[in-house]
>>> print(open('upload09.cif').read())   # mmCIF, C-alpha atoms
data_protein
loop_
_atom_site.label_atom_id
_atom_site.label_comp_id
_atom_site.auth_asym_id
_atom_site.auth_seq_id
_atom_site.Cartn_x
_atom_site.Cartn_y
_atom_site.Cartn_z
CA MET A 3 15.87 49.26 -10.59
CA SER A 4 18.09 48.41 -7.61
CA LYS A 5 19.82 45.04 -7.28
CA ARG A 6 17.55 44.16 -4.34
CA ASN A 7 14.40 44.91 -6.36
CA ILE A 8 15.68 42.81 -9.24
CA VAL A 9 16.20 39.85 -6.89
CA ILE A 10 12.68 40.27 -5.44
CA ALA A 11 11.21 40.46 -8.94
CA LEU A 12 13.00 37.29 -9.99
CA GLN A 13 11.84 35.46 -6.85
CA THR A 14 8.26 36.54 -7.50
CA LEU A 15 8.50 35.40 -11.13
CA CYS A 16 9.82 31.98 -10.04
CA LEU A 17 6.94 31.56 -7.58
CA CYS A 18 4.39 32.55 -10.20
CA LEU A 19 5.91 30.10 -12.70
CA ALA A 20 5.78 27.32 -10.08
CA ILE A 21 2.12 28.03 -9.34
CA PHE A 22 1.39 28.23 -13.07
CA MET A 23 3.02 24.84 -13.59
CA VAL A 24 0.93 23.12 -10.92
CA SER A 25 -2.31 24.80 -11.91
CA GLY A 26 -1.96 24.23 -15.65
CA CYS A 27 -3.06 26.54 -18.43
CA SER A 28 -6.80 26.01 -18.33
CA GLY A 29 -7.80 28.71 -15.89
CA SER A 30 -10.72 27.85 -13.64
CA GLY A 31 -11.77 24.87 -15.78
CA SER A 32 -15.13 23.77 -17.08
CA ALA A 33 -17.89 22.17 -15.06
CA LYS A 34 -16.92 18.83 -16.59
CA ASN A 35 -13.34 19.17 -15.35
CA GLU A 36 -14.56 19.93 -11.84
CA GLU A 37 -15.99 16.39 -11.66
CA VAL A 38 -12.55 14.86 -12.20
CA ILE A 39 -10.79 13.73 -9.01
CA LYS A 40 -7.07 14.38 -9.33
CA VAL A 41 -4.55 12.25 -7.47
CA TRP A 42 -0.88 13.19 -7.35
CA HIS A 43 1.63 10.52 -6.42
CA TRP A 44 5.27 9.44 -6.86
CA MET A 45 4.80 5.67 -7.28
CA THR A 46 5.74 5.30 -10.94
CA ASP A 47 5.81 1.50 -10.71
CA ARG A 48 2.11 1.46 -9.81
CA GLN A 49 0.78 3.85 -12.42
CA GLU A 50 -0.58 1.15 -14.71
CA ALA A 51 -2.37 -0.63 -11.85
CA PHE A 52 -3.80 2.67 -10.59
CA GLU A 53 -5.12 3.52 -14.05
CA LYS A 54 -6.79 0.14 -14.37
CA LEU A 55 -8.58 0.61 -11.04
CA SER A 56 -9.59 4.18 -11.89
CA LYS A 57 -11.21 2.84 -15.08
CA ASP A 58 -13.09 0.25 -13.03
CA TYR A 59 -14.29 2.98 -10.69
CA TYR A 60 -15.48 5.12 -13.61
CA ASP A 61 -17.38 2.16 -15.09
CA GLN A 62 -19.09 1.56 -11.72
CA THR A 63 -19.81 5.14 -10.66
CA GLY A 64 -19.32 7.49 -13.60
CA VAL A 65 -16.77 9.44 -11.55
CA LYS A 66 -13.44 9.96 -13.30
CA VAL A 67 -10.23 9.68 -11.28
CA VAL A 68 -6.93 10.76 -12.82
CA PHE A 69 -3.61 9.63 -11.33
CA GLU A 70 -0.69 11.93 -12.11
CA THR A 71 2.84 10.70 -11.37
CA TYR A 72 5.78 12.97 -10.55
CA ALA A 73 9.26 11.58 -10.01
CA PRO A 74 11.84 11.54 -8.58
CA THR A 75 10.67 12.22 -5.04
CA ASP A 76 12.35 15.63 -4.81
CA VAL A 77 10.48 16.84 -7.88
CA TYR A 78 7.22 15.55 -6.42
CA LYS A 79 7.81 17.22 -3.05
CA ASN A 80 8.69 20.54 -4.69
CA LYS A 81 5.49 20.39 -6.72
CA ILE A 82 3.44 19.79 -3.57
CA THR A 83 5.13 22.73 -1.82
CA ALA A 84 4.50 25.06 -4.74
CA ALA A 85 0.88 23.95 -5.04
CA ALA A 86 0.26 24.45 -1.33
CA SER A 87 1.61 28.00 -1.48
CA GLY A 88 -0.95 28.83 -4.18
CA HIS A 89 -3.83 26.77 -2.71
CA LEU A 90 -3.66 24.58 -5.82
CA LEU A 91 -3.27 21.14 -4.33
CA PRO A 92 -5.11 18.24 -6.00
CA ASP A 93 -8.02 16.42 -4.41
CA ILE A 94 -5.82 13.57 -3.11
CA TYR A 95 -2.07 13.61 -2.44
CA ASN A 96 0.66 12.86 0.08
CA PRO A 97 3.09 15.63 1.13
CA GLN A 98 5.84 12.99 1.60
CA SER A 99 6.93 14.46 4.90
CA ASP A 100 7.74 13.52 8.46
CA LYS A 101 5.21 13.87 11.28
CA LYS A 102 6.24 17.44 12.06
CA GLU A 103 5.78 18.66 8.49
CA LEU A 104 2.59 16.65 8.08
CA ALA A 105 1.25 18.45 11.14
CA SER A 106 2.00 21.78 9.47
CA TYR A 107 -0.12 20.79 6.45
CA ILE A 108 -2.98 19.75 8.72
CA ASN A 109 -2.80 22.91 10.83
CA ALA A 110 -2.73 25.03 7.67
CA GLY A 111 -6.01 23.43 6.52
CA TYR A 112 -4.53 21.47 3.60
CA ILE A 113 -5.46 18.00 4.90
CA ALA A 114 -8.94 16.82 5.90
CA ASP A 115 -9.71 15.14 9.23
CA LEU A 116 -11.10 11.71 8.32
CA THR A 117 -11.89 10.53 11.85
CA ASP A 118 -15.68 10.63 11.50
CA GLU A 119 -15.52 8.78 8.17
CA MET A 120 -13.17 6.18 9.60
CA ASN A 121 -15.45 5.61 12.59
CA THR A 122 -18.28 4.44 10.31
CA GLY A 123 -16.49 1.06 10.09
CA TRP A 124 -13.94 2.03 7.44
CA LYS A 125 -11.02 1.86 9.88
CA ASP A 126 -11.85 -1.75 10.76
CA VAL A 127 -10.52 -3.06 7.43
CA PHE A 128 -6.97 -1.75 8.02
CA PHE A 129 -3.97 -3.06 9.89
CA GLU A 130 -4.02 -1.08 13.12
CA LYS A 131 -0.38 0.00 12.75
CA SER A 132 -1.06 1.56 9.35
CA LEU A 133 -3.76 3.78 10.90
CA ILE A 134 -1.55 4.76 13.83
CA ALA A 135 1.03 6.12 11.41
CA ASN A 136 -1.65 8.41 9.95
CA SER A 137 -3.04 9.51 13.30
CA PHE A 138 -2.23 12.09 15.94
CA GLU A 139 -2.58 11.34 19.63
CA GLU A 140 -3.84 13.52 22.44
CA ASN A 141 -1.35 16.15 23.58
CA ASN A 142 0.91 15.71 20.55
CA GLU A 143 3.70 18.28 20.43
CA TRP A 144 2.46 19.87 17.18
CA GLY A 145 -0.97 20.88 18.46
CA VAL A 146 -2.87 18.80 15.90
CA LYS A 147 -6.42 17.85 16.83
CA PRO A 148 -6.40 14.12 17.75
CA GLY A 149 -7.72 12.00 14.92
CA ILE A 150 -7.05 10.01 11.74
CA TYR A 151 -5.92 12.05 8.74
CA GLY A 152 -4.52 9.62 6.18
CA VAL A 153 -5.72 6.59 4.23
CA PRO A 154 -3.11 3.82 4.07
CA LEU A 155 -2.78 2.12 0.68
CA ASP A 156 -0.25 -0.46 1.76
CA VAL A 157 1.94 -1.32 4.70
CA SER A 158 5.62 -2.12 5.00
CA SER A 159 8.24 -3.28 7.44
CA LEU A 160 11.99 -3.74 7.39
CA MET A 161 13.56 -7.12 8.01
CA ILE A 162 16.73 -8.97 7.04
CA TYR A 163 16.70 -10.90 3.77
CA TYR A 164 19.21 -13.73 3.55
CA ASN A 165 20.48 -15.70 0.56
CA LYS A 166 19.78 -19.40 1.20
CA ASP A 167 22.28 -20.59 -1.38
CA LEU A 168 25.11 -18.53 0.12
CA PHE A 169 24.17 -19.73 3.61
CA LYS A 170 24.44 -23.33 2.42
CA GLN A 171 27.74 -22.57 0.72
CA ALA A 172 29.13 -21.30 4.05
CA GLY A 173 27.92 -24.38 5.94
CA LEU A 174 24.94 -22.63 7.53
CA ASP A 175 21.42 -24.05 7.72
CA PRO A 176 19.42 -22.17 5.04
CA GLU A 177 16.15 -22.99 6.83
CA ASN A 178 17.34 -21.85 10.25
CA PRO A 179 18.75 -18.30 10.08
CA PRO A 180 20.29 -16.70 13.18
CA LYS A 181 17.79 -15.48 15.76
CA THR A 182 20.05 -14.00 18.43
CA TRP A 183 22.92 -11.53 18.22
CA PRO A 184 25.63 -14.08 19.07
CA GLU A 185 24.25 -16.42 16.36
CA PHE A 186 24.23 -13.49 13.91
CA ILE A 187 27.89 -12.70 14.56
CA GLU A 188 28.85 -16.37 14.30
CA ALA A 189 27.02 -16.66 10.96
CA GLY A 190 28.90 -13.59 9.74
CA LYS A 191 32.23 -15.18 10.63
CA LYS A 192 31.41 -18.34 8.68
CA LEU A 193 30.29 -16.36 5.67
CA ARG A 194 33.45 -14.27 5.67
CA GLU A 195 35.59 -17.42 6.02
CA ALA A 196 33.84 -18.75 2.91
CA GLY A 197 34.77 -15.58 1.02
CA ILE A 198 31.24 -14.15 1.14
CA GLN A 199 30.36 -10.62 2.24
CA PRO A 200 28.00 -11.17 5.18
CA PHE A 201 25.85 -8.03 5.36
CA VAL A 202 24.87 -5.15 3.11
CA SER A 203 22.35 -2.31 3.33
CA GLY A 204 21.98 1.22 2.05
CA PHE A 205 23.65 2.70 5.12
CA GLY A 206 24.69 5.69 3.05
CA GLU A 207 21.05 6.71 3.48
CA ALA A 208 20.80 7.91 7.08
CA TRP A 209 17.26 6.72 7.67
CA LEU A 210 18.19 3.10 6.95
CA ILE A 211 21.07 2.92 9.40
CA GLY A 212 18.84 4.70 11.91
CA ALA A 213 16.03 2.20 11.35
CA PHE A 214 18.36 -0.74 12.04
CA ALA A 215 19.66 0.86 15.23
CA ALA A 216 16.13 1.81 16.31
CA SER A 217 15.15 -1.85 16.75
CA TYR A 218 17.73 -2.08 19.49
CA GLN A 219 16.71 1.26 20.98
CA TRP A 220 13.16 -0.05 21.39
CA SER A 221 14.48 -3.35 22.72
CA LEU A 222 16.70 -1.76 25.37
CA PHE A 223 14.68 1.34 26.30
CA GLY A 224 11.02 0.56 25.54
CA LYS A 225 8.58 3.24 24.44
CA GLN A 226 8.68 5.29 27.62
CA GLY A 227 12.46 5.18 27.67
CA ILE A 228 12.55 6.61 24.15
CA ILE A 229 10.17 9.40 25.16
CA ASP A 230 12.30 10.10 28.25
CA THR A 231 15.38 10.31 26.01
CA ILE A 232 13.66 12.83 23.75
CA ASP A 233 12.65 14.81 26.86
CA GLY A 234 16.26 14.82 28.07
CA LYS A 235 15.61 12.66 31.12
CA ILE A 236 17.88 9.91 29.78
CA PRO A 237 21.21 11.07 28.29
CA TYR A 238 22.64 9.72 25.06
CA ASN A 239 25.77 8.56 26.87
CA ASP A 240 23.58 6.16 28.86
CA GLU A 241 25.09 2.66 28.93
CA ARG A 242 22.24 1.34 26.77
CA TRP A 243 23.10 3.75 23.95
CA LEU A 244 26.73 2.77 24.34
CA LYS A 245 25.65 -0.86 23.92
CA ILE A 246 23.84 -0.06 20.66
CA PHE A 247 26.97 1.55 19.23
CA LYS A 248 29.05 -1.40 20.39
CA LEU A 249 26.83 -3.69 18.31
CA PHE A 250 27.94 -1.86 15.18
CA GLU A 251 31.52 -1.97 16.41
CA GLU A 252 31.23 -5.74 16.88
CA MET A 253 29.90 -6.16 13.35
CA ARG A 254 32.80 -4.05 12.06
CA ASP A 255 35.45 -5.98 14.02
CA ASN A 256 34.09 -9.27 12.69
CA LYS A 257 34.14 -7.96 9.10
CA MET A 258 30.36 -8.26 8.73
CA PHE A 259 29.88 -5.16 6.59
CA ALA A 260 30.10 -5.12 2.82
CA SER A 261 32.72 -2.87 1.31
CA GLY A 262 31.62 0.77 1.07
CA ILE A 263 28.41 0.25 3.07
CA VAL A 264 28.41 3.73 4.67
CA THR A 265 28.37 5.46 1.27
CA MET A 266 26.04 2.99 -0.41
CA VAL A 267 22.54 4.09 -1.44
CA ASN A 268 19.85 1.47 -1.05
CA LYS A 269 19.43 0.81 -4.76
CA ASP A 270 23.10 -0.21 -4.97
CA ALA A 271 22.71 -2.36 -1.84
CA GLU A 272 19.68 -4.04 -3.40
CA ARG A 273 21.70 -4.80 -6.52
CA THR A 274 24.57 -6.19 -4.42
CA PHE A 275 22.23 -8.60 -2.65
CA ALA A 276 20.28 -9.51 -5.78
CA THR A 277 23.46 -10.50 -7.63
CA GLY A 278 24.73 -12.72 -4.80
CA ARG A 279 27.57 -10.44 -3.67
CA ALA A 280 26.30 -10.36 -0.06
CA ALA A 281 24.48 -12.96 2.03
CA MET A 282 22.22 -10.72 4.14
CA THR A 283 20.62 -7.33 3.67
CA PHE A 284 18.44 -5.07 5.80
CA ASN A 285 15.64 -3.79 3.57
CA GLY A 286 11.92 -3.18 3.36
CA SER A 287 9.05 -5.31 2.10
CA TRP A 288 9.23 -3.45 -1.22
CA GLY A 289 12.40 -5.46 -1.82
CA VAL A 290 10.28 -8.45 -2.84
CA ASN A 291 9.30 -6.64 -6.01
CA VAL A 292 12.78 -5.14 -6.48
CA TYR A 293 14.58 -8.48 -6.23
CA LYS A 294 12.09 -10.11 -8.56
CA SER A 295 12.92 -7.53 -11.22
CA MET A 296 16.68 -7.73 -10.60
CA ASN A 297 17.02 -11.51 -10.28
CA SER A 298 13.88 -13.63 -10.56
CA THR A 299 15.77 -16.79 -9.54
CA LEU A 300 17.14 -15.37 -6.28
CA ASN A 301 16.64 -17.93 -3.50
CA TYR A 302 16.13 -16.04 -0.25
CA GLY A 303 14.35 -16.08 3.09
CA LEU A 304 13.50 -13.58 5.82
CA MET A 305 14.65 -13.11 9.39
CA TYR A 306 14.03 -10.52 12.08
CA PRO A 307 16.98 -8.43 13.25
CA PRO A 308 18.70 -10.71 15.80
CA SER A 309 17.50 -10.26 19.36
CA LEU A 310 19.72 -9.31 22.29
CA PRO A 311 19.79 -11.99 25.02
CA ASP A 312 19.75 -9.42 27.83
CA ALA A 313 17.19 -6.97 26.38
CA LYS A 314 14.37 -5.85 28.67
CA TYR A 315 11.74 -5.28 25.96
CA PRO A 316 10.62 -7.19 22.84
CA LEU A 317 12.49 -6.49 19.63
CA LEU A 318 10.36 -4.43 17.22
CA VAL A 319 11.01 -3.41 13.62
CA PHE A 320 10.67 -0.23 11.61
CA GLY A 321 7.45 -0.15 9.61
CA GLY A 322 3.70 0.08 9.68
CA ASP A 323 2.52 2.62 7.17
CA GLY A 324 3.83 2.20 3.64
CA SER A 325 2.22 4.70 1.30
CA SER A 326 -0.84 6.72 2.24
CA MET A 327 -3.12 9.28 0.67
CA PHE A 328 -4.57 12.44 2.18
CA VAL A 329 -7.64 14.37 1.11
CA ASN A 330 -7.31 18.08 0.39
CA ALA A 331 -9.54 19.82 2.95
CA GLU A 332 -10.00 22.73 0.52
CA SER A 333 -11.19 20.57 -2.37
CA PRO A 334 -14.77 21.17 -3.57
CA ARG A 335 -14.76 17.43 -4.39
CA LYS A 336 -13.71 16.36 -0.92
CA ASP A 337 -16.70 14.03 -0.38
CA LYS A 338 -16.17 12.35 -3.75
CA ALA A 339 -12.47 11.97 -3.03
CA ILE A 340 -13.27 10.24 0.27
CA ALA A 341 -15.82 7.97 -1.45
CA PHE A 342 -13.19 6.94 -4.00
CA LEU A 343 -10.61 6.14 -1.31
CA LYS A 344 -13.18 4.03 0.55
CA TRP A 345 -13.71 2.00 -2.63
CA PHE A 346 -9.99 1.95 -3.40
CA THR A 347 -9.13 0.35 -0.05
CA GLN A 348 -11.72 -2.42 -0.11
CA LYS A 349 -10.65 -6.06 -0.30
CA GLU A 350 -10.99 -6.66 -4.05
CA GLN A 351 -9.11 -3.53 -5.09
CA GLN A 352 -6.42 -4.08 -2.46
CA ALA A 353 -5.93 -7.70 -3.54
CA TYR A 354 -5.45 -6.55 -7.13
CA LEU A 355 -2.85 -3.96 -6.10
CA ALA A 356 -1.00 -6.50 -3.99
CA LYS A 357 -0.86 -8.98 -6.86
CA GLU A 358 0.27 -6.41 -9.41
CA THR A 359 2.77 -4.47 -7.30
CA LEU A 360 3.90 -7.06 -4.70
CA ASN A 361 3.25 -4.70 -1.81
CA ILE A 362 1.45 -5.64 1.39
CA PRO A 363 -2.13 -4.28 1.23
CA SER A 364 -3.32 -2.06 4.06
CA ASN A 365 -6.60 -3.97 4.06
CA LYS A 366 -5.85 -6.89 6.38
CA GLU A 367 -8.60 -8.98 4.75
CA SER A 368 -6.53 -9.06 1.55
CA ALA A 369 -3.32 -10.31 3.17
CA ASP A 370 -4.35 -14.00 3.11
CA ASP A 371 -3.93 -14.19 -0.67
CA LEU A 372 -0.36 -12.85 -0.68
CA PRO A 373 2.70 -14.84 -1.79
CA GLU A 374 4.35 -16.64 1.15
CA ILE A 375 7.24 -14.18 1.48
CA LEU A 376 4.86 -11.21 1.70
CA GLN A 377 2.71 -13.05 4.23
CA GLU A 378 5.81 -13.21 6.44
CA PHE A 379 6.17 -9.47 6.09
CA SER A 380 2.48 -8.91 6.84
CA LYS A 381 2.87 -10.83 10.12
CA SER A 382 5.68 -8.50 11.11
CA ILE A 383 3.35 -5.48 10.95
CA THR A 384 2.14 -6.33 14.46
CA LYS A 385 5.76 -6.06 15.64
CA THR A 386 6.55 -2.61 14.30
CA PHE A 387 7.36 0.47 16.40
CA ASP A 388 4.54 2.20 18.23
CA ASN A 389 3.52 5.74 17.40
CA LEU A 390 5.31 8.43 19.43
CA PRO A 391 3.69 11.70 20.57
CA LYS A 392 6.91 13.60 19.82
CA LEU A 393 10.08 13.32 17.78
CA GLU A 394 13.72 13.95 18.51
CA ALA A 395 15.23 17.10 16.99
CA TRP A 396 16.44 16.28 13.49
CA GLN A 397 19.91 17.63 14.32
CA VAL A 398 20.28 15.04 17.10
CA THR A 399 18.93 12.24 14.92
CA ASN A 400 21.38 13.26 12.22
CA TYR A 401 24.23 13.12 14.74
CA ILE A 402 23.21 9.60 15.75
CA ASN A 403 23.21 8.35 12.17
CA ILE A 404 26.47 10.06 11.21
CA ASN A 405 28.22 8.72 14.30
CA LEU A 406 26.96 5.22 13.58
CA GLN A 407 28.59 5.51 10.16
CA SER A 408 31.77 6.75 11.83
CA VAL A 409 31.86 3.71 14.12
CA ILE A 410 31.42 1.37 11.15
CA ILE A 411 34.48 2.79 9.37
CA GLY A 412 36.52 2.94 12.59
CA GLU A 413 36.69 6.72 12.66
CA LYS A 414 35.22 6.88 16.19
CA ASP A 415 34.86 4.49 19.08
CA PRO A 416 31.39 4.03 20.64
CA ALA A 417 32.22 6.02 23.80
CA LYS A 418 33.27 9.08 21.80
CA ALA A 419 30.27 8.74 19.50
CA VAL A 420 27.65 8.77 22.27
CA LYS A 421 29.48 11.56 24.10
CA GLU A 422 29.24 13.77 21.00
CA ILE A 423 25.55 12.96 20.54
CA GLN A 424 24.80 13.99 24.11
CA GLU A 425 26.71 17.24 23.58
CA GLU A 426 24.61 17.93 20.48
CA LYS A 427 21.45 17.14 22.44
CA LEU A 428 22.42 19.72 25.07
CA ARG A 429 23.16 22.28 22.35
CA GLN A 430 19.73 21.76 20.78
CA THR A 431 18.05 21.96 24.20
CA LYS A 432 19.56 25.40 24.75
CA VAL A 433 18.49 26.71 21.32
#
>>> encode(input="upload09.cif", output="structure tokens")
Amino acid sequence: MSKRNIVIALQTLCLCLAIFMVSGCSGSGSAKNEEVIKVWHWMTDRQEAFEKLSKDYYDQTGVKVVFETYAPTDVYKNKITAAASGHLLPDIYNPQSDKKELASYINAGYIADLTDEMNTGWKDVFFEKSLIANSFEENNEWGVKPGIYGVPLDVSSLMIYYNKDLFKQAGLDPENPPKTWPEFIEAGKKLREAGIQPFVSGFGEAWLIGAFAASYQWSLFGKQGIIDTIDGKIPYNDERWLKIFKLFEEMRDNKMFASGIVTMVNKDAERTFATGRAAMTFNGSWGVNVYKSMNSTLNYGLMYPPSLPDAKYPLLVFGGDGSSMFVNAESPRKDKAIAFLKWFTQKEQQAYLAKETLNIPSNKESADDLPEILQEFSKSITKTFDNLPKLEAWQVTNYININLQSVIIGEKDPAKAVKEIQEEKLRQTKV
């Protein structure tokens, strides 16, 4: 056998093993097994709560729902990919992908269109922003039929947590955090003078640094300006982009950033904040549960990213959809899967999940019973970014995030950073 044939044989064997692993050893299964709704997910911290609710559903309906957890995320995503290639996806799952990849699953027939079901009144129970994240608009760039495709289980947003005790130690008012950019910088100076690291976040993870910068992109450009930038009508060396990069430069020059922030993963940033080694952190609503587990006595509050005095548009935050579930369009149990998700997202079940997992429920009727700190997060859902009909090329987005990191460490000045991003944009336009 030639070397090439050996390689092909090995690749085929690997694919078969992957499909075998996702399908299990039972063959086609018995009639009894066919009545089991399988849900694949990655949320290991919620497994116990999910199992309790699935038992309640079985007691009420006689329909068995099995939640199977796969972690870490990379393992889960690889399992989904392998299952899709063999048409072996479970009844309910989430491909854990961006909008472009999600569109590919929909167009391939792996995700059911839930628009008709949602229009029976189901969609009225959700925060509007959580539905938008699972929807596709008219004339979207991926050619997906307009409609609602996902069922939100919870919602999230990213804000700035601040340590009230450290604020007080630095002579700052713990009940009146900074609201504007100049106040933010001034607070950072006082914290540093008191020997306290002002600001930490997992900026080693590109999406987090991008999410922080995006608030100021929306504030300076507005939705149409962002779309025009993606379309190439507004260049990345526009003075507004330069201003965004100068914000990071200003934070750097005033020693706002915690040591090693550009290589720090979010879990390490969460630990730094939870142990009182930084006064402020940019993180998501899931942090409420994280900080409780790391330091149950942590005394903190919430603030929006500080607004720019001369911004043309309101400041919005990253968020909306938290975790969602999608129904396998190929599943012979599709109708039962949809019925379960309808039950799963009703007020009582959502309130239980919120209490047990400290996440904001997607059912807005359940938000009133949340702890005070999560109620603040739930109010921010109305101030999250709007849905966009198209996305920037990932290569350009990657350039933005890397150059933001470079500005933080003083490797590049803002003018050089935006110039390079525009050059990358032009390269991708020509591809």
>>> resolve_selection(input="upload09.cif", expression="the PyMOL selection byres ((chain A and resi 352-369) around 8)", output="list in words")
Asp47, Arg48, Ala51, Val127, Phe128, Phe129, Ser132, Pro154, Leu155, Asp156, Val157, Ser158, Ser287, Trp288, Val290, Asn291, Phe346, Thr347, Gln348, Lys349, Glu350, Gln351, Asp370, Asp371, Leu372, Leu376, Gln377, Phe379 and Ser380 of chain A
>>> residues_around(input="upload09.cif", residues="Ile198 of chain A", least_positions_apart="4", cutoff="10 Å", atoms="only C-alpha atoms", output="number ranges by chain")
A: 168-169, 171-172, 190-194, 258, 260, 278-281
>>> closest_residue(input="upload09.cif", among="A:Pro184, A:Gly212, A:Gly88, A:Pro334", to="Ile404 of chain A", atoms="all atoms listed in the file")
A:Gly212
>>> closest_residue(input="upload09.cif", among="A:Phe223, A:Phe52, A:Tyr293, A:Trp396", to="Ile423 of chain A", atoms="all atoms listed in the file")
A:Trp396
>>> residues_around(input="upload09.cif", residues="Leu116 of chain A", least_positions_apart="4", cutoff="10 Å", atoms="only C-alpha atoms", output="list in words")
Met120, Asn121, Lys125, Ser137, Gly149, Ile150, Tyr151, Gly152, Val153, Phe328, Val329, Ala331 and Ile340 of chain A
>>> residues_around(input="upload09.cif", residues="segment 405-421 of chain A", least_positions_apart="5", cutoff="12 Å", atoms="all atoms listed in the file", output="PyMOL selection string")
chain A and resi 204-216+237-266+398-400+426-428
>>> atom_distance(input="upload09.cif", atom1="atom CA of Lys336 of chain A", atom2="atom CA of Asp93 of chain A")
6.7 Å
>>> resolve_selection(input="upload09.cif", expression="the PyMOL selection byres ((chain A and resi 131) around 7)", output="VMD selection string")
chain A and resid 129 to 130 132 to 135 322 to 323 383
>>> resolve_selection(input="upload09.cif", expression="the PyMOL selection byres ((chain A and resi 112) around 10)", output="VMD selection string")
chain A and resid 86 89 to 91 97 104 to 111 113 to 115 328 to 333
>>> residues_near_point(input="upload09.cif", point="(8.1, -0.6, 10.6)", cutoff="6 Å", atoms="only C-alpha atoms", output="PyMOL selection string")
chain A and resi 159-160+319-322+386-387
>>> atom_distance(input="upload09.cif", atom1="atom CA of Asp126 of chain A", atom2="atom CA of Lys338 of chain A")
20.7 Å
>>> atom_distance(input="upload09.cif", atom1="atom CA of Asp175 of chain A", atom2="atom CA of Ala189 of chain A")
9.8 Å
>>> closest_residue(input="upload09.cif", among="A:Thr83, A:Asn403, A:Asn178, A:Gly173", to="Glu195 of chain A", atoms="only C-alpha atoms")
A:Gly173
